[in-house]
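Read the structure below first, then the notes.
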Amino acid sequence: MDVNIRIAGEAGQGVQTTGTLLVGALAGMGLSVFATQSYLSRIRGGLNWFDIRIGDAPLFSGREAADLLVALAPEALETLRPHMSDGGVVLLDSEEPAATGCISLAFTKTAKEIGGSEVMANAVAAGAAIRVLGYPLDGLLGFLSQKFKKKGEETIAKNRRCAEAGAKLFASTPPRLPAPKPGGKPVSVGNATQAIVLGAATAGVKFVCGYPMTPGTGVLQGLAAVGDEFGIVVEQAEDEIAAVNMACGATYAGVPALVATSGGGFALMTEGVSLAGMLELPLVIVLGQRPGPATGLPTRTAQQDLLFALHAGHGEFPRAIYAPGTPEQAYHLTRRALETSHKHQSPVFLLSDQFLMDLQTDTPTLARTLRPIDRHILADPPEDYLRYAVTESGVSPRAIPGGKAFVIVDSDEHTEDGHITEDLEARVRLQDKRLAKERGLRAEALPPERYGPEDAERLLICWGSSYGPCREAVDLLDAEGASAAMLHFRQLWPLDAAAVRKAVAPNKKRAPRQIFCVEGNATGQFASLLKTVGALAECTSVLKYDGLPFTGAEIAERIRHD
Amino acid sequence: MAFLDHGAAGAETRRAAPKGFAMINPPSDNRPAWCTGCGNFGILTVLDRAIEEAGVDRRRLVLVSGIGQAAKLPHYTRANVFNGLHGRALPAATGIKLANHALEVVVTSGDGDMYGEGGNHFLHALRRNIGIKMFVHNNQVYGLTKGQASPTSDEGFVTKFQTHGVILRPFNPLAIAIVEDCSFVARSFVGAPEHLKAMMVAALKHRGGTALLDILQPCITFNRRNTWAWYRERCKPIDDSHDPTDKMKALELAMKWDGGIPIGLFYRSDRPTFESQQPVLARGTLVEQFAKAAV
């Protein structure tokens with residue numbers, strides 16, 4: 001069974017802090033969690049909420065209806081009460097008696113009295129929420145001690161007293177909600193932003209730069225936080241154009257480098273992507289998608305920049321695009337993106353989005369040991385070294401400046417030695433060489449992952465962050481006796497059309513009766529790409545572009561009606 | 001869609017081209033693409049001498065440029081070369097220097113590239129004070145695109161684009177650099193090769209961070225206003241009595257133009273470099289740190 005807890009309030013009221021406390025406490029007790037955030041592009045006011053779905057088995061999606069709503073502001077009630085499940089409990093931070101069906105608890109007043117600051121209303125609220133679920137308070141108290149360790153004993157004691165007071169506030173006002181039984185053994189919780197940070201840091205990234213933009217900022221700040229530990233220089237550039245060109249410079253000089261950005265910021269980087277294509281530099285771009293066009297919905301989610309990433313940059317050059325579906329995949333694919341970019345000397349994308357970047361869910365502990373990737377650099381290049389020597393794979397032996405050989409690179413068309421040329425034969429020779437690298441990239445393309453039976457009647461194709469919700473939809477359909485399976489793509493380019501066709505229908509005699517392509521955009525970008533490469537003839541697109549992530553229940557419902 | 005085609009398929013198509021459709025390939029070589037009498041030749045010659053005189057190891061030298069006639073210079077000498085995008089020489093140079101701060105990173109590019117397209121990077125490079133040397137070929141005109149105004153063109157300069165003459169005030173790179181406390185600010189003129197060499201050597205030996213050397217240079221084809229003679233008449237070495245650590249005096253000098261153009265070292269400040277303030281770089285260059293960890 002599972003319970004959906006929703007903490008809601010204005011920006012600046014501590015919605016996120018309360019949510020973080022509960023995630024830490026509940027996972028620590030051994031519950032599976034799937035926590036998502038919904039917030040507005042503002043620092044104060046508005047209405048933000050933090051959903052924590054907990055269960056006694058792994059969860060893969062959020063859900064619309066809340067069983068427990070913790071409203072830190074009365075404004076939350078109007079919007080969110082219609083989205084309560086039957087028998088759901090609503091707690092409101094108020095000193096006044098509440099309206100029917102709503103329990104009024106004075107979180108802020110209690111925090112001021114017990115902790116001496118209204119900031120600790122978060123601990124009071126978390127304490128009350130834990131009691132609504134009928135859990136002992138130990139887990140929360142333990143997590144508070146751990147979380148405020150750096151702030152000292154006094155802060156810990158005050159927060160713990162506030163949590164206890166919160167529990168007491170609720171103790172006298174049942175009903176309690178039926179809640180899943182904690183497993184006892186702490187569940188490790190991961191987040192895609194942190195996973196990308198750790199994946200990059202342990203792969204040996206040495207230079208990171210970018211310009212703050214939601215939802216890419218977390219990766220930049222996360223890498224800054226571990227910069228001293230792993231030996232990484234992280235620079236806030238004056239703009240995204242500078243960021244991508246700095247990264248190109250750093251990779252030319254021989255260190256793995258990465259940029260992180262989002263929609264409009266990435267649009268500014270596109271000339272730099274083309275430069276990496278021409279100079280054959282191992283550039284890695286973490287692209288956190290959000291709904292556009294233009295500034296769009298800055299803090300919401302979307303999967304709408306796939307074709308943009310695929311075509312970004314003028315001219316023709318190979319690239320690879322990965323799109324993780326879980327924090328664990330984000331960790332491994334970040335490393336793979338760095339490896340691939342170095343092996344094939346090409347720009348590589350890691351496509352994520354706000355939903356995945358902010359998601360917190362059960363994740364195995366990710367290794368923190370530094371395991372530098374192979375940069376594929378010549379240790380001892382000859383003096384007559386040619387940076388762009390033509391080879392069958394298209395990959396030329398790479399040297400870096402500072403050694404015996406001069407390393408010459410030019411954004412103009414160039415000859416094998418890297419010098420500018422307008423020799424049209426050289427142009428064709430070098431363009432063929434660059435494009436030849438796509439064969440190597442395609443040969444290493446990661447196959448899609450199937451969840452569900454090989455002969456399922458309904459096949460749900462999805463990519464990137466839709467992994468979890470699609471997987472839950474398959475489980476929901478399966479529980480009803482409907483035959484369904486999921487095919488999840490974590491690499492979107494290059495695609496091996498023959499391999500995809502085989503993955504779609506492993507058993508030719510029992511090919512899926514209906515194929516759905518589930519994606520977070522308005523035009524069915526991946527479906528059109530699959531058709532273009534000849535991997536898929538027909539499918540029904542299941543699209544969502546309201547800025548919110550899919551839920552499993554929503555996908556299942558839309559499949560049922562198709 | 002072209003990207004779906006493997007490179008080899010394109011080659012097949014090309015080889016199958018019928019007779020009479022053969023490629024006409026114009027002659028191509030790596031000789032300078034500059035006009036005879038262009039100031040870029042002088043800058044190239046003096047740069048080569050300055051590199052020798054300053055004792056710079058060419059294997060550890062990276063010449064970085066953007067796009068423009070000046071930006072082609074790195075191809076005509078012996079060094080590592082990063083000839084990047086228009087306006088983006090500075091960020092690329094910054095990335096190179098941060099990845100391996102043991103390299104000597106010199107940006108040689110034009111006024112359009114550095115002060116126009118790359119204007120924002122110019123401002124922030126000055127703030128960063130990273131150990132990059134900027135040698136800006138300033139001919140007050142766009143050469144590669146054939147004669148439009150540059151950010152430093154004089155007011156009233158008539159071109160095919162600015163048909164009524166330039167209305168915008170000229171950009172003053174030296175004054176901006178002094179205001180932003182750039183650690184080395186100088187100007188020279190290609191018609192004074194010994195002076196230019198001395199300035200280049202001083203900039204190459206500068207260890208205090210970013211150095212800006214603005215080099216006045218005639219464009220004999222597209223700028224008939226600021227000619228060799230025009231510059232010769234006006235360029236005057238800064239008096240020995242000038243104290244380059246006096247910021248206000250330096251700024252006053254940088255504001256002079258019409259009544260005579262001062263050349264020489266305007267300003268020098270003692271600021272910590274960007275790289276010296278990166279705790280991670282105290283452990284060695286990033287490229288060394290990676291290599292060590294990879295063993």
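Identifiers in this document derive from the order of the structure tokens: chains are assigned A, B, ..., residues are numbered from 1 separately in each chain, and ligands are numbered from 1 in order of occurrence.
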Could you tell me, as a PyMOL selection string, which residues of stretch 68-198 of chain B DSSP assigns to strand (DSSP E or B) when given the backbone? chain B and resi 80-83+104-110+132-138+141+149+184-189
Chain B residues near chain A within 7 Å, closest pair each, using only C-alpha atoms, as a tab-separated table:
```
residue	atom	partner	partner_atom	distance
B:Phe3	CA	A:Glu316	CA	6.5
B:His6	CA	A:Ala436	CA	6.4
B:Gly7	CA	A:Leu435	CA	4.7
B:Ala8	CA	A:Asp432	CA	6.6
B:Ala11	CA	A:Asp432	CA	6.9
B:Asn25	CA	A:Leu424	CA	5.6
B:Pro26	CA	A:Asp423	CA	6.7
B:Pro27	CA	A:Asp423	CA	6.9
B:Ser28	CA	A:Asp423	CA	5.4
B:Arg59	CA	A:Gly402	CA	5.5
B:Arg60	CA	A:Gly402	CA	4.6
B:His75	CA	A:His419	CA	6.2
B:Ala79	CA	A:Phe406	CA	6.1
B:Asn80	CA	A:Phe406	CA	4.8
B:Val81	CA	A:Ile408	CA	4.5
B:Phe82	CA	A:Val409	CA	5.2
B:Asn83	CA	A:Asp410	CA	4.6
B:Gly84	CA	A:Ser411	CA	5.2
B:Leu85	CA	A:Ser411	CA	6.4
B:Arg88	CA	A:Asn245	CA	6.6
B:Pro91	CA	A:Met246	CA	4.7
B:Ala92	CA	A:Gly249	CA	4.3
B:Ala93	CA	A:Gly249	CA	6.2
B:Thr94	CA	A:Met246	CA	6.0
B:Gly95	CA	A:Met246	CA	4.1
B:Ile96	CA	A:Gly249	CA	4.6
B:Leu98	CA	A:Ala250	CA	6.9
B:Ala99	CA	A:Ala250	CA	5.1
B:Asn100	CA	A:Ala253	CA	6.6
B:Leu103	CA	A:Gly402	CA	6.8
B:His121	CA	A:Ala242	CA	7.0
B:His124	CA	A:Glu238	CA	6.7
B:Val280	CA	A:Gly231	CA	5.4
B:Leu286	CA	A:Lys206	CA	6.3
B:Val287	CA	A:Val255	CA	5.6
B:Phe290	CA	A:Gly204	CA	6.7
B:Ala293	CA	A:Pro372	CA	6.8
B:Ala294	CA	A:Pro372	CA	5.4
```
Would you write out those residues with N, CA and C atoms, as a compact mmCIF listing (two decimals), in the first residue's frame?
```txt
# COMPACT_ATOMS: atom_id res chain seq x y z
N PHE B 3 21.48 13.96 -41.72
CA PHE B 3 22.22 13.37 -40.61
C PHE B 3 22.00 11.88 -40.50
N HIS B 6 25.14 7.92 -43.36
CA HIS B 6 26.50 7.74 -42.88
C HIS B 6 27.42 8.48 -43.84
N GLY B 7 28.55 8.92 -43.32
CA GLY B 7 29.48 9.67 -44.14
C GLY B 7 29.83 8.96 -45.43
N ALA B 8 30.00 7.67 -45.34
CA ALA B 8 30.45 6.89 -46.49
C ALA B 8 29.46 6.97 -47.65
N ALA B 11 30.10 9.91 -49.68
CA ALA B 11 31.30 9.75 -50.50
C ALA B 11 30.98 8.95 -51.77
N ASN B 25 38.32 22.93 -57.97
CA ASN B 25 38.95 23.19 -56.68
C ASN B 25 39.95 24.33 -56.81
N PRO B 26 39.64 25.50 -56.25
CA PRO B 26 40.57 26.61 -56.37
C PRO B 26 41.87 26.30 -55.63
N PRO B 27 42.99 26.90 -56.05
CA PRO B 27 44.24 26.63 -55.36
C PRO B 27 44.14 27.09 -53.91
N SER B 28 44.75 26.34 -53.03
CA SER B 28 44.67 26.68 -51.62
C SER B 28 46.02 26.43 -50.97
N ARG B 59 56.19 25.25 -27.56
CA ARG B 59 55.39 24.04 -27.30
C ARG B 59 54.37 24.28 -26.19
N ARG B 60 54.66 25.24 -25.36
CA ARG B 60 53.74 25.54 -24.26
C ARG B 60 52.93 26.81 -24.53
N HIS B 75 47.72 30.87 -37.57
CA HIS B 75 48.04 29.86 -38.59
C HIS B 75 49.39 30.11 -39.25
N ALA B 79 53.04 27.43 -33.21
CA ALA B 79 52.53 27.38 -31.84
C ALA B 79 51.33 26.44 -31.84
N ASN B 80 50.83 26.14 -30.66
CA ASN B 80 49.52 25.48 -30.59
C ASN B 80 48.48 26.53 -30.96
N VAL B 81 47.43 26.08 -31.63
CA VAL B 81 46.45 27.04 -32.14
C VAL B 81 45.03 26.62 -31.76
N PHE B 82 44.29 27.58 -31.23
CA PHE B 82 42.84 27.38 -31.06
C PHE B 82 42.17 28.55 -31.77
N ASN B 83 41.77 28.32 -33.02
CA ASN B 83 41.09 29.35 -33.80
C ASN B 83 39.59 29.03 -33.71
N GLY B 84 38.94 29.69 -32.76
CA GLY B 84 37.55 29.33 -32.44
C GLY B 84 36.51 30.14 -33.17
N LEU B 85 35.45 30.47 -32.46
CA LEU B 85 34.31 31.17 -33.05
C LEU B 85 34.49 32.68 -32.99
N ARG B 88 34.57 34.72 -29.57
CA ARG B 88 34.65 33.82 -28.41
C ARG B 88 36.08 33.41 -28.05
N PRO B 91 36.60 33.43 -23.89
CA PRO B 91 36.16 32.28 -23.10
C PRO B 91 36.96 31.02 -23.41
N ALA B 92 37.29 30.79 -24.68
CA ALA B 92 38.08 29.60 -25.02
C ALA B 92 39.44 29.68 -24.32
N ALA B 93 40.06 30.86 -24.38
CA ALA B 93 41.37 31.05 -23.74
C ALA B 93 41.27 30.84 -22.23
N THR B 94 40.16 31.29 -21.65
CA THR B 94 39.94 31.12 -20.21
C THR B 94 39.87 29.64 -19.85
N GLY B 95 39.13 28.88 -20.66
CA GLY B 95 39.01 27.44 -20.43
C GLY B 95 40.37 26.74 -20.55
N ILE B 96 41.16 27.15 -21.55
CA ILE B 96 42.48 26.55 -21.76
C ILE B 96 43.38 26.85 -20.56
N LEU B 98 42.53 27.63 -17.53
CA LEU B 98 42.10 26.96 -16.30
C LEU B 98 42.44 25.47 -16.33
N ALA B 99 42.36 24.87 -17.52
CA ALA B 99 42.67 23.44 -17.64
C ALA B 99 44.16 23.20 -17.45
N ASN B 100 44.96 24.15 -17.93
CA ASN B 100 46.42 23.98 -17.80
C ASN B 100 47.06 25.35 -17.65
N LEU B 103 50.38 26.67 -19.29
CA LEU B 103 50.51 27.11 -20.68
C LEU B 103 50.53 28.63 -20.76
N HIS B 121 32.45 39.27 -23.13
CA HIS B 121 33.56 38.45 -22.61
C HIS B 121 34.74 39.34 -22.24
N HIS B 124 34.17 40.86 -18.81
CA HIS B 124 34.28 39.92 -17.70
C HIS B 124 35.67 39.29 -17.59
N VAL B 280 41.72 24.75 -5.76
CA VAL B 280 41.98 23.49 -6.45
C VAL B 280 43.28 23.57 -7.26
N LEU B 286 45.03 21.38 -13.67
CA LEU B 286 43.96 20.38 -13.72
C LEU B 286 44.36 19.20 -14.59
N VAL B 287 45.06 19.49 -15.67
CA VAL B 287 45.44 18.41 -16.58
C VAL B 287 46.43 17.46 -15.90
N PHE B 290 44.42 15.39 -13.33
CA PHE B 290 43.69 14.28 -13.95
C PHE B 290 44.64 13.13 -14.25
N ALA B 293 45.56 11.16 -11.22
CA ALA B 293 44.47 10.32 -10.70
C ALA B 293 44.22 9.13 -11.60
N ALA B 294 44.51 9.30 -12.91
CA ALA B 294 44.21 8.24 -13.88
C ALA B 294 45.23 7.11 -13.83
```
To test your reading of the structure, identify every residue in stretch 56-286 of chain A that backbone DSSP assigns to alpha helix (DSSP H), and report it as a PyMOL selection string. chain A and resi 75-80+107-110+121-132+138-147+153-171+192-203+217-225+227-230+240-252+263-279
What's the 9 Å shell around B:Lys133, counting only C-alpha atoms, without same-chain residues fewer than 6 positions away, as JSON, numbers by chain? {"B": [104, 105, 106, 107, 108, 203, 204, 206, 209, 210, 211, 212, 213]}
Surrounding residues of A:Arg63 excluding itself and chain neighbours under 6 positions, 10 Å, only C-alpha atoms, as JSON, numbers by chain: {"A": [3, 4, 34, 36, 51, 52, 53, 469, 549, 550, 551, 552, 553, 554]}
Go ahead and write the residues just picked, C-alpha atoms, as a PDB file, in the first residue's frame.
```pdb
ATOM      1  CA  VAL A   3       0.202   7.041   1.077  1.00  0.00           C
ATOM      2  CA  ASN A   4       0.614  10.376  -0.661  1.00  0.00           C
ATOM      3  CA  PHE A  34       8.840   8.920  -4.475  1.00  0.00           C
ATOM      4  CA  THR A  36       8.357  15.332  -6.403  1.00  0.00           C
ATOM      5  CA  ASP A  51       4.598  15.459  -2.689  1.00  0.00           C
ATOM      6  CA  ILE A  52       5.989  12.500  -0.805  1.00  0.00           C
ATOM      7  CA  ARG A  53       4.483   9.199  -1.767  1.00  0.00           C
ATOM      8  CA  PRO A 469       5.345   6.663 -14.527  1.00  0.00           C
ATOM      9  CA  PRO A 549       5.076  15.169 -14.994  1.00  0.00           C
ATOM     10  CA  PHE A 550       3.098  12.108 -16.035  1.00  0.00           C
ATOM     11  CA  THR A 551       1.715   9.875 -13.335  1.00  0.00           C
ATOM     12  CA  GLY A 552       1.312   6.133 -13.768  1.00  0.00           C
ATOM     13  CA  ALA A 553      -2.441   6.330 -13.163  1.00  0.00           C
ATOM     14  CA  GLU A 554      -2.822   9.029 -15.798  1.00  0.00           C
TER      15      GLU A 554
END
```
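Separating atom CA of A:Gln37 from atom CA of A:Gly12 is a distance of 14.2 Å.
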Find, counting only C-alpha atoms, the residue in A:Gln13, A:Asn122, A:Ser262, A:Thr365 that gets nearest to A:Glu164.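 Of A:Gln13, A:Asn122, A:Ser262, A:Thr365, the one nearest A:Glu164 is A:Asn122, counting only C-alpha atoms.
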Skipping near chain neighbours, those fewer than 4 positions away, what residues fall within 10 Å of A:Ala456 using only C-alpha atoms, listed as JSON, numbers by chain? {"A": [452, 460, 478, 482, 483, 484, 485, 486, 505, 510, 511, 512, 513, 514]}
Write the residues you've just listed into a file as a PDB file, in the first residue's frame, and include C-alpha atoms for each of them.
```pdb
ATOM      1  CA  GLY A 452       6.832  -6.576 -19.027  1.00  0.00           C
ATOM      2  CA  LEU A 460       4.309   1.691 -24.172  1.00  0.00           C
ATOM      3  CA  ASP A 478      -1.294  -5.701 -15.670  1.00  0.00           C
ATOM      4  CA  ALA A 482      -4.601  -6.054 -19.581  1.00  0.00           C
ATOM      5  CA  SER A 483      -1.499  -7.225 -21.402  1.00  0.00           C
ATOM      6  CA  ALA A 484       1.042  -4.386 -21.435  1.00  0.00           C
ATOM      7  CA  ALA A 485       4.783  -3.802 -21.503  1.00  0.00           C
ATOM      8  CA  MET A 486       7.114  -0.827 -21.561  1.00  0.00           C
ATOM      9  CA  ALA A 505       8.554  -7.054 -31.560  1.00  0.00           C
ATOM     10  CA  ARG A 510       3.098 -11.961 -31.661  1.00  0.00           C
ATOM     11  CA  ALA A 511       3.923  -8.326 -32.346  1.00  0.00           C
ATOM     12  CA  PRO A 512       2.183  -5.780 -30.121  1.00  0.00           C
ATOM     13  CA  ARG A 513      -1.348  -5.034 -31.227  1.00  0.00           C
ATOM     14  CA  GLN A 514      -1.072  -1.407 -30.168  1.00  0.00           C
TER      15      GLN A 514
END
```
Can you tell me which residues surround stretch 223-226 of chain B at a distance of at most 12 Å, considering only C-alpha atoms, apart from same-chain residues fewer than 6 positions away, and format the answer as JSON, numbers by chain? {"B": [38, 39, 138, 139, 140, 141, 142, 143, 146, 147, 148, 149, 150, 152, 153, 154, 155, 156, 157, 158, 159, 160, 216, 217, 232, 233, 234, 235]}
I need the residue nearest B:Ile263 from this list: B:Ala291, B:Leu61, B:Met114, B:Ile238. Use only C-alpha atoms for the distance.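 Among the listed residues, the smallest separation from B:Ile263 belongs to B:Ile238.
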Distance criterion (only C-alpha atoms): nearest to A:Ile43 out of A:Leu268, A:Ile559, A:Ile130, A:Ala11: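 Among the listed residues, A:Ala11 lies closest to A:Ile43.
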Which polymer residues have any atom within 12 Å of an atom of A:Gln146, counting only C-alpha atoms, with same-chain residues fewer than 4 positions away left out, as a short mmCIF file (atom, residue, chain, number, x, y, z; two decimals) with N, CA and C atoms, in the first residue's frame?
```
data_model
loop_
_atom_site.label_atom_id
_atom_site.label_comp_id
_atom_site.auth_asym_id
_atom_site.auth_seq_id
_atom_site.Cartn_x
_atom_site.Cartn_y
_atom_site.Cartn_z
N LEU A 21 12.56 17.07 5.47
CA LEU A 21 12.57 16.41 6.79
C LEU A 21 11.78 15.11 6.74
N GLY A 24 13.57 12.36 4.66
CA GLY A 24 14.68 11.80 5.43
C GLY A 24 14.18 10.87 6.53
N ALA A 25 13.15 11.32 7.24
CA ALA A 25 12.64 10.54 8.36
C ALA A 25 11.99 9.24 7.88
N GLY A 28 14.38 6.80 6.29
CA GLY A 28 15.20 6.27 7.38
C GLY A 28 14.49 5.14 8.13
N GLY A 139 12.20 8.20 14.21
CA GLY A 139 12.83 8.38 12.90
C GLY A 139 13.07 9.85 12.60
N LEU A 140 12.05 10.66 12.86
CA LEU A 140 12.17 12.10 12.60
C LEU A 140 13.18 12.73 13.53
N LEU A 141 13.13 12.35 14.81
CA LEU A 141 14.06 12.93 15.78
C LEU A 141 15.50 12.60 15.40
N GLY A 142 15.70 11.36 14.99
CA GLY A 142 17.04 10.94 14.57
C GLY A 142 17.51 11.73 13.36
N LYS A 150 25.75 20.10 11.96
CA LYS A 150 26.72 21.19 11.81
C LYS A 150 26.29 22.44 12.57
N LYS A 151 24.98 22.57 12.82
CA LYS A 151 24.50 23.79 13.47
C LYS A 151 24.59 23.72 14.99
N GLY A 152 24.91 22.56 15.51
CA GLY A 152 25.16 22.48 16.96
C GLY A 152 24.00 21.92 17.76
N GLU A 153 24.34 21.57 19.00
CA GLU A 153 23.41 20.89 19.91
C GLU A 153 22.14 21.70 20.16
N THR A 155 20.52 23.94 18.31
CA THR A 155 19.59 23.88 17.18
C THR A 155 18.92 22.51 17.11
N ILE A 156 19.71 21.46 17.32
CA ILE A 156 19.15 20.10 17.28
C ILE A 156 18.07 19.96 18.35
N ALA A 157 18.39 20.39 19.56
CA ALA A 157 17.46 20.23 20.69
C ALA A 157 16.16 20.99 20.42
N ASN A 159 14.87 21.90 17.52
CA ASN A 159 14.10 21.27 16.45
C ASN A 159 13.41 20.00 16.94
N ARG A 160 14.12 19.24 17.76
CA ARG A 160 13.53 18.00 18.28
C ARG A 160 12.33 18.32 19.17
#
```
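Distances here use only C-alpha atoms; by that measure, the residue among B:Leu47, B:Ile130, B:Ile261, B:Ala186 closest to B:Pro244 is B:Ala186.
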Atomic distance atom CA of A:Ser393 - atom CA of A:Gly440, expressed in Å with one decimal: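 Distance reported for this atom pair: 6.8 Å.
Here atom CA of A:Val132 and atom CA of A:Val89 stand 8.2 Å from one another.
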